[in-house]
>>> print(open('query_34.tsv').read())   # TSV, C-alpha atoms and all ligand atoms
chain	number	residue	atom	x	y	z
A	593	MET	CA	-0.24	22.86	-15.68
A	594	ALA	CA	-2.01	19.52	-15.56
A	595	HIS	CA	-0.50	16.56	-13.69
A	596	ARG	CA	-0.16	13.63	-16.10
A	597	ILE	CA	-1.20	10.50	-14.21
A	598	ALA	CA	-1.05	6.94	-15.53
A	599	VAL	CA	-3.97	4.92	-14.21
A	600	VAL	CA	-3.73	1.13	-14.17
A	601	PRO	CA	-6.93	-0.30	-12.66
A	602	GLY	CA	-5.63	-3.87	-13.13
A	603	ASP	CA	-7.81	-6.76	-12.04
A	604	GLY	CA	-10.89	-7.65	-10.00
A	605	ILE	CA	-12.04	-4.93	-7.62
A	606	GLY	CA	-9.12	-2.78	-8.80
A	607	ARG	CA	-11.36	-1.98	-11.78
A	608	GLU	CA	-14.22	-1.03	-9.46
A	609	VAL	CA	-12.46	1.10	-6.86
A	610	THR	CA	-10.05	2.96	-9.16
A	611	PRO	CA	-12.67	4.93	-11.16
A	612	GLU	CA	-14.44	5.79	-7.88
A	613	ALA	CA	-11.26	7.25	-6.42
A	614	GLN	CA	-10.70	9.17	-9.67
A	615	ARG	CA	-14.09	10.85	-9.16
A	616	VAL	CA	-12.94	12.08	-5.75
A	617	LEU	CA	-9.54	13.25	-7.01
A	618	ASP	CA	-11.09	15.09	-9.98
A	619	ARG	CA	-13.44	16.89	-7.61
A	620	CYS	CA	-10.41	17.90	-5.52
A	621	GLY	CA	-8.91	19.40	-8.67
A	622	GLU	CA	-12.02	21.58	-9.12
A	623	ILE	CA	-12.01	22.68	-5.48
A	624	TRP	CA	-8.28	23.29	-5.10
A	625	SER	CA	-7.59	24.45	-8.68
A	626	PHE	CA	-5.38	21.86	-10.28
A	627	GLU	CA	-5.90	19.43	-13.12
A	628	LEU	CA	-5.30	15.70	-13.36
A	629	GLU	CA	-4.85	14.40	-16.87
A	630	TRP	CA	-5.44	10.66	-16.70
A	631	SER	CA	-4.05	8.16	-19.22
A	632	LEU	CA	-5.82	4.83	-18.84
A	633	PHE	CA	-3.80	1.61	-19.27
A	634	GLU	CA	-5.99	-1.46	-19.30
A	635	TRP	CA	-3.26	-3.92	-18.48
A	636	GLY	CA	-3.64	-6.97	-16.29
A	637	CYS	CA	-4.77	-10.57	-16.41
A	638	GLU	CA	-7.35	-10.10	-19.17
A	639	TYR	CA	-4.74	-8.35	-21.30
A	640	TYR	CA	-2.42	-11.29	-20.60
A	641	LEU	CA	-4.99	-13.85	-21.73
A	642	ASN	CA	-5.37	-11.91	-24.99
A	643	THR	CA	-1.73	-11.08	-25.68
A	644	GLY	CA	0.51	-13.35	-23.61
A	645	ARG	CA	1.94	-10.34	-21.74
A	646	MET	CA	0.78	-8.42	-18.67
A	647	MET	CA	1.70	-5.13	-20.34
A	648	PRO	CA	3.14	-4.20	-23.74
A	649	GLU	CA	6.87	-4.56	-24.29
A	650	ASP	CA	7.33	-0.80	-23.98
A	651	GLY	CA	4.85	-0.57	-21.07
A	652	LEU	CA	7.35	0.75	-18.55
A	653	GLU	CA	8.52	3.34	-21.09
A	654	GLN	CA	4.90	4.49	-21.48
A	655	LEU	CA	4.45	4.75	-17.72
A	656	ARG	CA	7.67	6.68	-17.34
A	657	GLN	CA	6.17	9.60	-19.27
A	658	HIS	CA	3.88	10.28	-16.28
A	659	GLU	CA	4.31	12.17	-13.07
A	660	ALA	CA	2.72	9.41	-10.98
A	661	ILE	CA	1.01	6.05	-11.37
A	662	PHE	CA	-2.35	5.25	-9.78
A	663	LEU	CA	-2.86	1.52	-9.58
A	664	GLY	CA	-5.75	-0.68	-8.43
A	665	ALA	CA	-4.71	-4.31	-7.95
A	666	VAL	CA	-2.97	-6.96	-9.99
A	667	GLY	CA	-3.62	-10.72	-10.07
A	668	TYR	CA	-6.65	-12.86	-10.75
A	669	PRO	CA	-7.53	-16.56	-10.82
A	670	GLY	CA	-6.72	-17.93	-14.28
A	671	VAL	CA	-3.23	-16.46	-14.42
A	672	PRO	CA	-0.65	-17.74	-11.91
A	673	ASP	CA	0.27	-15.01	-9.41
A	674	HIS	CA	4.00	-15.25	-10.07
A	675	VAL	CA	3.28	-14.53	-13.75
A	676	SER	CA	0.88	-11.62	-13.21
A	677	LEU	CA	2.75	-9.90	-10.40
A	678	TRP	CA	6.24	-10.30	-11.84
A	679	GLY	CA	4.85	-9.21	-15.21
A	680	LEU	CA	3.38	-5.91	-14.05
A	681	LEU	CA	3.40	-4.76	-10.43
A	682	ILE	CA	6.90	-5.76	-9.35
A	683	PRO	CA	8.69	-4.49	-12.50
A	684	ILE	CA	7.04	-1.09	-11.96
A	685	ARG	CA	8.18	-0.94	-8.34
A	686	ARG	CA	11.73	-1.95	-9.24
A	687	THR	CA	12.35	-0.16	-12.54
A	688	PHE	CA	11.18	3.08	-11.03
A	689	GLN	CA	13.22	2.53	-7.86
A	690	GLN	CA	10.14	2.86	-5.68
A	691	TYR	CA	12.14	1.52	-2.79
A	692	ILE	CA	9.92	2.93	-0.06
A	693	ASN	CA	6.50	1.42	0.43
A	694	LEU	CA	4.69	3.66	2.88
A	695	ARG	CA	1.63	2.09	4.50
A	696	PRO	CA	-0.25	4.12	7.11
A	697	VAL	CA	-2.54	2.45	9.62
A	698	ARG	CA	-5.19	4.46	11.44
A	699	LEU	CA	-8.24	3.53	13.41
A	700	PHE	CA	-10.91	6.04	12.40
A	701	ASP	CA	-13.61	7.27	14.72
A	702	GLY	CA	-16.76	5.27	13.99
A	703	ILE	CA	-14.87	2.07	13.16
A	704	GLU	CA	-14.75	-0.67	15.71
A	705	SER	CA	-11.36	-2.31	15.92
A	706	PRO	CA	-11.45	-6.06	16.40
A	707	LEU	CA	-9.21	-5.23	19.37
A	708	ARG	CA	-11.54	-4.29	22.17
A	709	LYS	CA	-9.12	-1.98	23.93
A	710	ALA	CA	-8.10	0.14	20.96
A	711	SER	CA	-9.89	3.41	20.40
A	712	ALA	CA	-9.65	5.86	17.52
A	713	GLY	CA	-6.82	8.34	17.79
A	714	GLU	CA	-4.64	5.97	19.77
A	715	LEU	CA	-3.99	3.71	16.83
A	716	ASP	CA	-2.08	5.67	14.23
A	717	PHE	CA	1.19	4.39	12.82
A	718	VAL	CA	3.04	3.95	9.52
A	719	ILE	CA	4.77	0.93	8.11
A	720	VAL	CA	7.85	1.67	6.01
A	721	ARG	CA	8.34	-1.40	3.86
A	722	GLU	CA	11.50	-2.05	1.83
A	723	ASN	CA	10.07	-2.43	-1.65
A	724	ASN	CA	12.87	-3.33	-4.07
A	725	GLU	CA	14.86	-6.30	-2.77
A	726	GLY	CA	14.99	-8.68	0.20
A	727	GLU	CA	13.01	-11.87	0.16
A	728	TYR	CA	11.27	-11.02	-3.15
A	729	SER	CA	13.87	-12.39	-5.50
A	730	GLU	CA	14.23	-14.16	-8.80
A	731	ILE	CA	17.46	-15.80	-7.70
A	732	GLY	CA	17.15	-19.49	-7.07
A	733	GLY	CA	15.55	-22.35	-8.86
A	734	ARG	CA	13.88	-25.70	-8.82
A	735	LEU	CA	15.62	-28.99	-9.40
A	736	TYR	CA	14.70	-32.63	-9.88
A	737	ARG	CA	11.11	-31.80	-10.79
A	738	GLN	CA	8.53	-34.47	-10.16
A	739	THR	CA	10.98	-36.73	-8.31
A	740	GLU	CA	11.15	-37.48	-4.64
A	741	HIS	CA	14.31	-35.33	-4.52
A	742	GLU	CA	12.57	-32.28	-5.93
A	743	LEU	CA	13.70	-29.05	-4.26
A	744	ALA	CA	13.29	-25.30	-4.54
A	745	VAL	CA	15.89	-22.75	-3.45
A	746	GLN	CA	15.23	-19.04	-3.03
A	747	GLN	CA	17.94	-16.47	-2.32
A	748	SER	CA	17.18	-13.25	-0.45
A	749	THR	CA	19.23	-10.21	-1.38
A	750	PHE	CA	19.90	-7.44	1.12
A	751	THR	CA	22.31	-4.78	-0.11
A	752	ARG	CA	23.92	-2.21	2.18
A	753	ARG	CA	22.60	0.59	-0.03
A	754	GLY	CA	19.06	-0.81	-0.17
A	755	THR	CA	18.91	-1.51	3.55
A	756	GLU	CA	20.46	1.74	4.66
A	757	ARG	CA	18.23	3.97	2.54
A	758	VAL	CA	14.97	2.47	3.79
A	759	ILE	CA	16.13	2.58	7.41
A	760	ARG	CA	17.26	6.19	7.03
A	761	TYR	CA	13.90	7.12	5.49
A	762	ALA	CA	12.13	5.51	8.45
A	763	PHE	CA	14.27	7.41	10.98
A	764	GLU	CA	13.51	10.68	9.22
A	765	LEU	CA	9.81	9.90	9.23
A	766	ALA	CA	9.91	8.97	12.93
A	767	GLN	CA	11.63	12.27	13.64
A	768	GLU	CA	8.74	14.13	11.92
A	769	ARG	CA	6.14	12.06	13.78
A	770	ASN	CA	6.36	10.96	17.42
A	771	GLY	CA	10.02	9.92	17.47
A	772	VAL	CA	9.52	6.18	17.97
A	773	LEU	CA	10.81	3.60	15.50
A	774	ALA	CA	10.40	-0.18	15.59
A	775	SER	CA	12.48	-2.42	13.34
A	776	ALA	CA	11.34	-5.92	12.39
A	777	THR	CA	13.85	-8.72	11.84
A	778	LYS	CA	14.30	-12.38	12.71
A	779	SER	CA	17.94	-12.44	13.68
A	780	ASN	CA	17.51	-15.46	15.91
A	781	GLY	CA	16.51	-17.65	12.97
A	782	ILE	CA	17.81	-16.06	9.78
A	783	ILE	CA	21.51	-15.80	10.28
A	784	HIS	CA	22.97	-13.76	7.42
A	785	THR	CA	20.55	-11.12	6.21
A	786	MET	CA	18.79	-10.22	9.43
A	787	PRO	CA	21.85	-9.54	11.64
A	788	PHE	CA	23.11	-7.47	8.65
A	789	TRP	CA	19.87	-5.40	8.79
A	790	ASP	CA	20.24	-5.02	12.58
A	791	GLU	CA	23.82	-3.86	12.23
A	792	ILE	CA	22.89	-1.20	9.66
A	793	PHE	CA	19.94	-0.15	11.82
A	794	ALA	CA	22.30	0.42	14.76
A	795	GLN	CA	24.71	2.40	12.55
A	796	VAL	CA	22.00	4.68	11.14
A	797	SER	CA	20.47	5.17	14.59
A	798	ALA	CA	23.65	6.97	15.68
A	799	ASP	CA	22.58	9.87	13.41
A	800	PHE	CA	19.18	10.10	15.14
A	801	PRO	CA	19.87	10.11	18.88
A	802	GLU	CA	16.47	11.66	19.62
A	803	VAL	CA	14.52	8.78	18.05
A	804	GLU	CA	13.57	6.04	20.48
A	805	THR	CA	14.19	2.67	18.86
A	806	GLY	CA	13.03	-0.89	19.37
A	807	GLN	CA	14.42	-3.90	17.53
A	808	TYR	CA	11.93	-6.75	17.50
A	809	HIS	CA	11.80	-10.26	16.17
A	810	ILE	CA	8.99	-10.37	13.63
A	811	ASP	CA	7.04	-13.00	15.58
A	812	ALA	CA	7.07	-10.91	18.76
A	813	LEU	CA	6.29	-7.75	16.78
A	814	SER	CA	3.24	-9.45	15.23
A	815	ALA	CA	1.97	-10.14	18.74
A	816	LEU	CA	2.60	-6.50	19.68
A	817	PHE	CA	0.51	-5.40	16.67
A	818	VAL	CA	-2.42	-7.23	18.24
A	819	LEU	CA	-1.76	-6.69	21.93
A	820	LYS	CA	-0.52	-3.09	22.02
A	821	PRO	CA	-0.71	-1.38	18.61
A	822	GLN	CA	-1.15	1.93	20.44
A	823	SER	CA	2.57	1.89	21.20
A	824	LEU	CA	3.56	1.96	17.50
A	825	ASP	CA	4.60	5.07	15.57
A	826	VAL	CA	6.84	4.07	12.64
A	827	VAL	CA	7.68	0.46	11.82
A	828	VAL	CA	10.44	-0.37	9.34
A	829	ALA	CA	10.62	-3.83	7.80
A	830	SER	CA	12.00	-5.86	4.93
A	831	ASN	CA	9.92	-6.52	1.83
A	832	LEU	CA	8.21	-9.71	3.04
A	833	PHE	CA	7.84	-8.75	6.67
A	834	GLY	CA	6.50	-5.32	5.68
A	835	ASP	CA	3.98	-6.99	3.39
A	836	ILE	CA	2.66	-9.26	6.12
A	837	LEU	CA	2.61	-6.54	8.78
A	838	SER	CA	0.63	-4.22	6.53
A	839	ASP	CA	-2.33	-6.60	6.18
A	840	LEU	CA	-2.15	-7.26	9.93
A	841	GLY	CA	-2.08	-3.52	10.65
A	842	ALA	CA	-5.01	-2.92	8.29
A	843	ALA	CA	-7.01	-5.66	10.00
A	844	VAL	CA	-6.50	-4.25	13.50
A	845	ALA	CA	-7.70	-0.91	12.14
A	846	GLY	CA	-10.93	-2.55	11.00
A	847	SER	CA	-10.52	-3.75	7.41
A	848	ILE	CA	-7.95	-4.28	4.73
A	849	GLY	CA	-10.33	-2.38	2.45
A	850	ILE	CA	-9.32	0.99	3.90
A	851	ALA	CA	-5.52	0.69	3.93
A	852	PRO	CA	-3.55	2.88	1.48
A	853	SER	CA	-0.01	2.68	0.19
A	854	ALA	CA	2.55	4.84	-1.57
A	855	ASN	CA	5.40	3.26	-3.53
A	856	LEU	CA	7.86	6.12	-3.44
A	857	ASN	CA	10.97	7.00	-5.35
A	858	PRO	CA	12.04	9.70	-2.88
A	859	GLU	CA	14.59	11.20	-5.30
A	860	ARG	CA	11.76	11.76	-7.82
A	861	GLU	CA	13.92	10.49	-10.64
A	862	TYR	CA	11.04	8.21	-11.63
A	863	PRO	CA	7.27	8.26	-11.12
A	864	SER	CA	6.01	7.03	-7.77
A	865	MET	CA	2.98	4.73	-7.60
A	866	PHE	CA	-0.07	4.85	-5.34
A	867	GLU	CA	-2.26	1.80	-4.72
A	868	PRO	CA	-4.26	0.30	-1.88
A	869	VAL	CA	-2.73	-2.44	0.28
A	870	HIS	CA	-5.41	-4.95	-0.71
A	871	GLY	CA	-5.54	-7.12	-3.82
A	872	SER	CA	-8.13	-7.84	-6.48
A	873	ALA	CA	-10.50	-9.64	-4.04
A	874	PRO	CA	-11.89	-12.22	-6.49
A	875	ASP	CA	-14.35	-13.38	-3.82
A	876	ILE	CA	-16.31	-10.10	-4.01
A	877	ALA	CA	-15.34	-8.79	-7.47
A	878	GLY	CA	-18.16	-7.72	-9.79
A	879	ARG	CA	-20.66	-7.10	-6.99
A	880	GLY	CA	-20.13	-3.38	-6.47
A	881	ILE	CA	-19.46	-3.81	-2.74
A	882	ALA	CA	-15.69	-3.34	-2.53
A	883	ASN	CA	-14.63	-0.69	-0.06
A	884	PRO	CA	-13.23	2.25	-2.11
A	885	ILE	CA	-11.59	3.95	0.89
A	886	GLY	CA	-8.17	2.25	0.50
A	887	GLN	CA	-8.03	3.48	-3.10
A	888	ILE	CA	-9.34	6.95	-2.23
A	889	TRP	CA	-6.87	7.36	0.64
A	890	SER	CA	-4.06	6.18	-1.69
A	891	GLY	CA	-5.24	8.96	-4.02
A	892	ALA	CA	-4.87	11.43	-1.14
A	893	MET	CA	-1.28	10.23	-0.68
A	894	MET	CA	-0.77	10.88	-4.39
A	895	LEU	CA	-2.12	14.44	-4.08
A	896	GLU	CA	0.29	15.07	-1.21
A	897	HIS	CA	3.14	13.81	-3.40
A	898	LEU	CA	2.02	16.04	-6.28
A	899	GLY	CA	2.27	19.10	-4.05
A	900	HIS	CA	-1.36	19.50	-2.95
A	901	PRO	CA	-1.25	18.89	0.80
A	902	GLU	CA	-4.45	20.85	1.47
A	903	ALA	CA	-6.38	18.68	-1.03
A	904	ALA	CA	-4.86	15.52	0.50
A	905	ALA	CA	-5.91	16.62	3.99
A	906	GLY	CA	-9.36	17.50	2.61
A	907	VAL	CA	-9.83	13.96	1.31
A	908	VAL	CA	-8.70	12.40	4.57
A	909	SER	CA	-11.03	14.60	6.59
A	910	ALA	CA	-13.90	13.73	4.23
A	911	ILE	CA	-13.17	10.03	4.91
A	912	GLU	CA	-13.06	10.79	8.66
A	913	ARG	CA	-16.45	12.47	8.48
A	914	VAL	CA	-18.12	9.66	6.55
A	915	LEU	CA	-16.81	7.02	8.93
A	916	GLY	CA	-17.25	9.07	12.09
A	917	GLU	CA	-20.60	10.69	11.45
A	918	THR	CA	-22.59	8.34	9.22
A	919	SER	CA	-23.31	4.64	8.98
A	920	ILE	CA	-22.48	4.59	5.28
A	921	ARG	CA	-19.97	1.77	4.88
A	922	THR	CA	-19.37	-1.31	2.78
A	923	PRO	CA	-19.96	-4.85	4.13
A	924	ASP	CA	-16.30	-5.41	5.12
A	925	LEU	CA	-16.94	-2.72	7.80
A	926	GLY	CA	-20.29	-4.20	8.76
A	927	GLY	CA	-22.39	-1.88	6.59
A	928	ALA	CA	-24.72	-2.43	3.64
A	929	SER	CA	-23.62	0.37	1.30
A	930	SER	CA	-22.16	-0.04	-2.16
A	931	THR	CA	-18.80	1.12	-3.47
A	932	ALA	CA	-20.49	4.02	-5.26
A	933	GLU	CA	-22.54	5.05	-2.21
A	934	VAL	CA	-19.42	5.31	-0.05
A	935	THR	CA	-17.68	7.35	-2.77
A	936	ASP	CA	-20.74	9.62	-3.06
A	937	ALA	CA	-20.67	10.17	0.70
A	938	VAL	CA	-16.96	11.10	0.58
A	939	LEU	CA	-17.73	13.48	-2.29
A	940	GLY	CA	-20.61	14.97	-0.29
A	941	ALA	CA	-18.33	15.62	2.68
A	942	LEU	CA	-15.74	17.13	0.36
A	943	ASN	CA	-18.33	19.44	-1.18
A	944	GLU	CA	-19.45	20.61	2.25
A	945	GLN	CA	-15.87	21.52	3.06
A	946	ALA	CA	-15.56	23.35	-0.25
A	947	GLY	CA	-18.73	25.29	0.56
A	948	ALA	CA	-17.35	26.19	3.98
A	949	ARG	CA	-14.06	27.47	2.57
A	950	PRO	CA	-13.54	31.23	2.70
A	1001	LIG	P1	-7.08	-9.59	-1.33
A	1001	LIG	O1	-6.53	-8.40	-0.65
A	1001	LIG	O2	-7.48	-9.41	-2.73
A	1001	LIG	O3	-8.34	-10.13	-0.49
A	1001	LIG	C1	-8.25	-10.61	0.85
A	1001	LIG	C2	-9.62	-10.49	1.54
A	1001	LIG	O4	-9.91	-9.12	1.81
A	1001	LIG	C3	-10.78	-11.00	0.68
A	1001	LIG	O5	-11.72	-11.64	1.49
A	1001	LIG	C4	-11.36	-9.72	0.08
A	1001	LIG	O6	-12.73	-9.80	-0.24
A	1001	LIG	C5	-11.10	-8.70	1.20
A	1001	LIG	N1	-10.91	-7.36	0.61
A	1001	LIG	C6	-9.78	-6.92	-0.03
A	1001	LIG	N2	-9.97	-5.67	-0.46
A	1001	LIG	C7	-11.21	-5.30	-0.10
A	1001	LIG	C8	-11.99	-4.11	-0.28
A	1001	LIG	N3	-11.51	-3.04	-0.92
A	1001	LIG	N4	-13.25	-4.10	0.21
A	1001	LIG	C9	-13.74	-5.15	0.86
A	1001	LIG	N5	-13.07	-6.31	1.06
A	1001	LIG	C10	-11.82	-6.37	0.58
A	1001	LIG	O7	-5.97	-10.75	-1.17
A	1001	LIG	P2	-5.89	-12.20	-1.86
A	1001	LIG	O8	-7.24	-12.81	-1.91
A	1001	LIG	O9	-4.79	-12.87	-1.17
A	1001	LIG	O10	-5.41	-11.90	-3.34
A	1001	LIG	C11	-6.26	-11.85	-4.49
A	1001	LIG	C12	-5.41	-11.51	-5.69
A	1001	LIG	O11	-4.89	-10.18	-5.58
A	1001	LIG	C13	-4.19	-12.40	-5.88
A	1001	LIG	O12	-3.97	-12.58	-7.25
A	1001	LIG	C14	-3.08	-11.59	-5.25
A	1001	LIG	O13	-1.80	-11.93	-5.73
A	1001	LIG	C15	-3.47	-10.20	-5.70
A	1001	LIG	N6	-2.94	-9.11	-4.86
A	1001	LIG	C16	-2.53	-7.99	-5.51
A	1001	LIG	C17	-2.09	-6.90	-4.79
A	1001	LIG	C18	-1.63	-5.69	-5.50
A	1001	LIG	O14	-1.86	-5.53	-6.68
A	1001	LIG	N7	-0.95	-4.78	-4.85
A	1001	LIG	C19	-2.11	-6.94	-3.40
A	1001	LIG	C20	-2.55	-8.10	-2.75
A	1001	LIG	C21	-2.97	-9.19	-3.49
A	1002	LIG	C1	1.08	-6.02	-1.80
A	1002	LIG	C2	0.89	-7.36	-2.44
A	1002	LIG	C3	2.07	-7.72	-3.35
A	1002	LIG	C4	3.34	-7.74	-2.51
A	1002	LIG	C5	1.92	-9.06	-4.06
A	1002	LIG	C6	0.64	-9.15	-4.81
A	1002	LIG	C7	3.11	-9.39	-4.91
A	1002	LIG	O1	0.66	-8.34	-1.48
A	1002	LIG	O2	1.27	-5.03	-2.52
A	1002	LIG	O3	1.01	-5.94	-0.58
A	1002	LIG	O4	3.59	-8.67	-1.75
A	1002	LIG	O5	4.08	-6.79	-2.63
A	1003	MN	MN	0.37	-7.55	0.50
>>> encode(input="query_34.tsv", output="structure tokens")
Amino acid sequence: MAHRIAVVPGDGIGREVTPEAQRVLDRCGEIWSFELEWSLFEWGCEYYLNTGRMMPEDGLEQLRQHEAIFLGAVGYPGVPDHVSLWGLLIPIRRTFQQYINLRPVRLFDGIESPLRKASAGELDFVIVRENNEGEYSEIGGRLYRQTEHELAVQQSTFTRRGTERVIRYAFELAQERNGVLASATKSNGIIHTMPFWDEIFAQVSADFPEVETGQYHIDALSALFVLKPQSLDVVVASNLFGDILSDLGAAVAGSIGIAPSANLNPEREYPSMFEPVHGSAPDIAGRGIANPIGQIWSGAMMLEHLGHPEAAAGVVSAIERVLGETSIRTPDLGGASSTAEVTDAVLGALNEQAGARP
């Protein structure tokens, strides 16, 4: 049976890298005998300028009919970010209870990390970002506009349920990986929510005595990401901290253009969503030079979720081969290739694997 996938390319380079990744995923279907049935939803900032909405009123209902959502990027100059993101991306994450945002970071062979001492293989960790609550909140407001007393108040919301489930997920993941879990908070400065997170972390850790834990202040952890990223295995963080750490992690692994992410509803009650960590990159949009690897790797995470682990591993090893054995790369990685040339190279590596299969 075909997997019904909703594809939302969105804005900017999202529209360039999404179809490229679809080419790779469709080829996987041919090689590993499954079918992806794509429904294209051209929602985003252009749709907003034409209709006054980022998606139709029943948009979420339409998405819900699918097994997974494959998204490019949302947000573009001309529409304020709080309108575009809270009109499309964030409602998807929340309505579908995609409370885990899984963001792997890996330094591939053939990529030079900006950190001189890091070499491929040593730098391989996953950020587990809380994706439904925390600092991203609509609670609060602005008062006394345009006066000297003008102020803005923003409330963070950390629930026991929301905090516990993401921490538990991270412990389970650490148990499957190398058994080391770092938690990011800022309990010395943020006095209600962060000690609450720490307390729940300590409670959950009692169920995982074999996992080695570290509780860090976010500022110190950011320094560790730069100074000793080799020591990281799984990192669990609140919505905002996880967001910031994932661009930092991507940068130490060479480029934000290669970083993938999975917005998971682990209970599978709702569709999960797969999208790269990066945004719509207006500074390079329309030039055909966006790195497609973040989108392609996100597609591999989607294949894994759909029950095709061998296809997912095939895509990742095709990426490894292109980066490790050729100089085909987009300008963000110091190369001169186009988006399509990198995708073609990944497809070439995939085809070679298919040929070599018994
Ligand atoms: P961005 O990630 O779009 O770009 C940051 C920098 O990284 C830019 O210099 C860009 O050229 C580069 N870059 C990003 N992806 C790349 C790729 N695939 N290949 C090569 N270079 C790449 O972040 P931004 O500029 O802060 O945001 C632009 C817009 O995207 C904003 O509207 C923002 O809100 C939105 N955004 C959306 C998402 C999402 O949909 N998940 C994520 C981040 C930002
Ligand atoms: C991401 C993005 C989004 C986030 C923005 C665009 C709202 O930065 O997916 O990392 O912060 O979640
Ligand atoms: Mn981000």
>>> axis_aligned_box(input="query_34.tsv", around="range 723-739 of chain A", padding_each_side="5 Å", output="lines of an AutoDock Vina configuration file")
center_x = 13.0
center_y = -19.6
center_z = -5.3
size_x = 18.9
size_y = 44.3
size_z = 21.0
>>> residues_around(input="query_34.tsv", residues="range 885-902 of chain A", least_positions_apart="5", cutoff="6 Å", atoms="only C-alpha atoms", output="PDB file with C-alpha atoms, in the frame of the given file")
ATOM      1  CA  ALA A 613     -11.260   7.250  -6.420  1.00  0.00           C
ATOM      2  CA  GLY A 849     -10.330  -2.380   2.450  1.00  0.00           C
ATOM      3  CA  ILE A 850      -9.320   0.990   3.900  1.00  0.00           C
ATOM      4  CA  ALA A 851      -5.520   0.690   3.930  1.00  0.00           C
ATOM      5  CA  PRO A 852      -3.550   2.880   1.480  1.00  0.00           C
ATOM      6  CA  SER A 853      -0.010   2.680   0.190  1.00  0.00           C
ATOM      7  CA  PHE A 866      -0.070   4.850  -5.340  1.00  0.00           C
ATOM      8  CA  GLU A 867      -2.260   1.800  -4.720  1.00  0.00           C
ATOM      9  CA  PRO A 868      -4.260   0.300  -1.880  1.00  0.00           C
TER      10      PRO A 868
END
>>> residues_near_point(input="query_34.tsv", point="(8.8, 0.6, 1.9)", cutoff="8 Å", atoms="all atoms listed in the file", output="number ranges by chain")
A: 691-695, 719-723, 758, 828-831, 834, 855-856
>>> residues_near_ligand(input="query_34.tsv", ligand="ligand LIG 1002 (chain A)", cutoff="9 Å", atoms="all atoms listed in the file", output="ChimeraX atom specification")
/A:665-667,673-674,676-678,681-682,693,723,728,831-832,834-836,838-839,853,867-871
>>> closest_atom_pairs(input="query_34.tsv", of="range 608-710 of chain A", to="range 936-946 of chain A", cutoff="8 Å", atoms="all atoms listed in the file", output="JSON lines")
{"residue": "A:Val616", "atom": "CA", "partner": "A:Leu939", "partner_atom": "CA", "distance": 6.1}
{"residue": "A:Arg619", "atom": "CA", "partner": "A:Leu939", "partner_atom": "CA", "distance": 7.6}
{"residue": "A:Cys620", "atom": "CA", "partner": "A:Leu942", "partner_atom": "CA", "distance": 8.0}
{"residue": "A:Ile623", "atom": "CA", "partner": "A:Ala946", "partner_atom": "CA", "distance": 6.4}
>>> closest_residue(input="query_34.tsv", among="A:Glu659, A:Gly664, A:Asn642, A:Asp799", to="Gly602 in chain A", atoms="all atoms listed in the file")
A:Gly664
>>> atom_distance(input="query_34.tsv", atom1="CA of Leu773 in chain A", atom2="CA of Leu824 in chain A")
7.7 Å
>>> residues_near_point(input="query_34.tsv", point="(6.4, -1.5, -11.2)", cutoff="10 Å", atoms="all atoms listed in the file", output="VMD selection string")
chain A and resid 652 655 661 663 677 to 690 724 855 863 to 865
>>> write_last_selection(input="query_34.tsv", atoms="C-alpha atoms", output="PDB file, in the frame of the given file")
ATOM      1  CA  LEU A 652       7.350   0.750 -18.550  1.00  0.00           C
ATOM      2  CA  LEU A 655       4.450   4.750 -17.720  1.00  0.00           C
ATOM      3  CA  ILE A 661       1.010   6.050 -11.370  1.00  0.00           C
ATOM      4  CA  LEU A 663      -2.860   1.520  -9.580  1.00  0.00           C
ATOM      5  CA  LEU A 677       2.750  -9.900 -10.400  1.00  0.00           C
ATOM      6  CA  TRP A 678       6.240 -10.300 -11.840  1.00  0.00           C
ATOM      7  CA  GLY A 679       4.850  -9.210 -15.210  1.00  0.00           C
ATOM      8  CA  LEU A 680       3.380  -5.910 -14.050  1.00  0.00           C
ATOM      9  CA  LEU A 681       3.400  -4.760 -10.430  1.00  0.00           C
ATOM     10  CA  ILE A 682       6.900  -5.760  -9.350  1.00  0.00           C
ATOM     11  CA  PRO A 683       8.690  -4.490 -12.500  1.00  0.00           C
ATOM     12  CA  ILE A 684       7.040  -1.090 -11.960  1.00  0.00           C
ATOM     13  CA  ARG A 685       8.180  -0.940  -8.340  1.00  0.00           C
ATOM     14  CA  ARG A 686      11.730  -1.950  -9.240  1.00  0.00           C
ATOM     15  CA  THR A 687      12.350  -0.160 -12.540  1.00  0.00           C
ATOM     16  CA  PHE A 688      11.180   3.080 -11.030  1.00  0.00           C
ATOM     17  CA  GLN A 689      13.220   2.530  -7.860  1.00  0.00           C
ATOM     18  CA  GLN A 690      10.140   2.860  -5.680  1.00  0.00           C
ATOM     19  CA  ASN A 724      12.870  -3.330  -4.070  1.00  0.00           C
ATOM     20  CA  ASN A 855       5.400   3.260  -3.530  1.00  0.00           C
ATOM     21  CA  PRO A 863       7.270   8.260 -11.120  1.00  0.00           C
ATOM     22  CA  SER A 864       6.010   7.030  -7.770  1.00  0.00           C
ATOM     23  CA  MET A 865       2.980   4.730  -7.600  1.00  0.00           C
TER      24      MET A 865
END
>>> closest_residue(input="query_34.tsv", among="A:Leu628, A:Leu837, A:Val907, A:Ala776", to="Ile810 in chain A", atoms="only C-alpha atoms")
A:Ala776
>>> atom_distance(input="query_34.tsv", atom1="atom P1 of ligand LIG 1001 (chain A)", atom2="CA of Arg921 in chain A")
18.3 Å
>>> closest_residue(input="query_34.tsv", among="A:Thr922, A:Ser705, A:Ser775, A:Gln767", to="Asn883 in chain A", atoms="only C-alpha atoms")
A:Thr922
>>> residues_around(input="query_34.tsv", residues="Glu917 in chain A", least_positions_apart="3", cutoff="8 Å", atoms="only C-alpha atoms", output="MDAnalysis selection string")
chainID A and resid 702 913:914
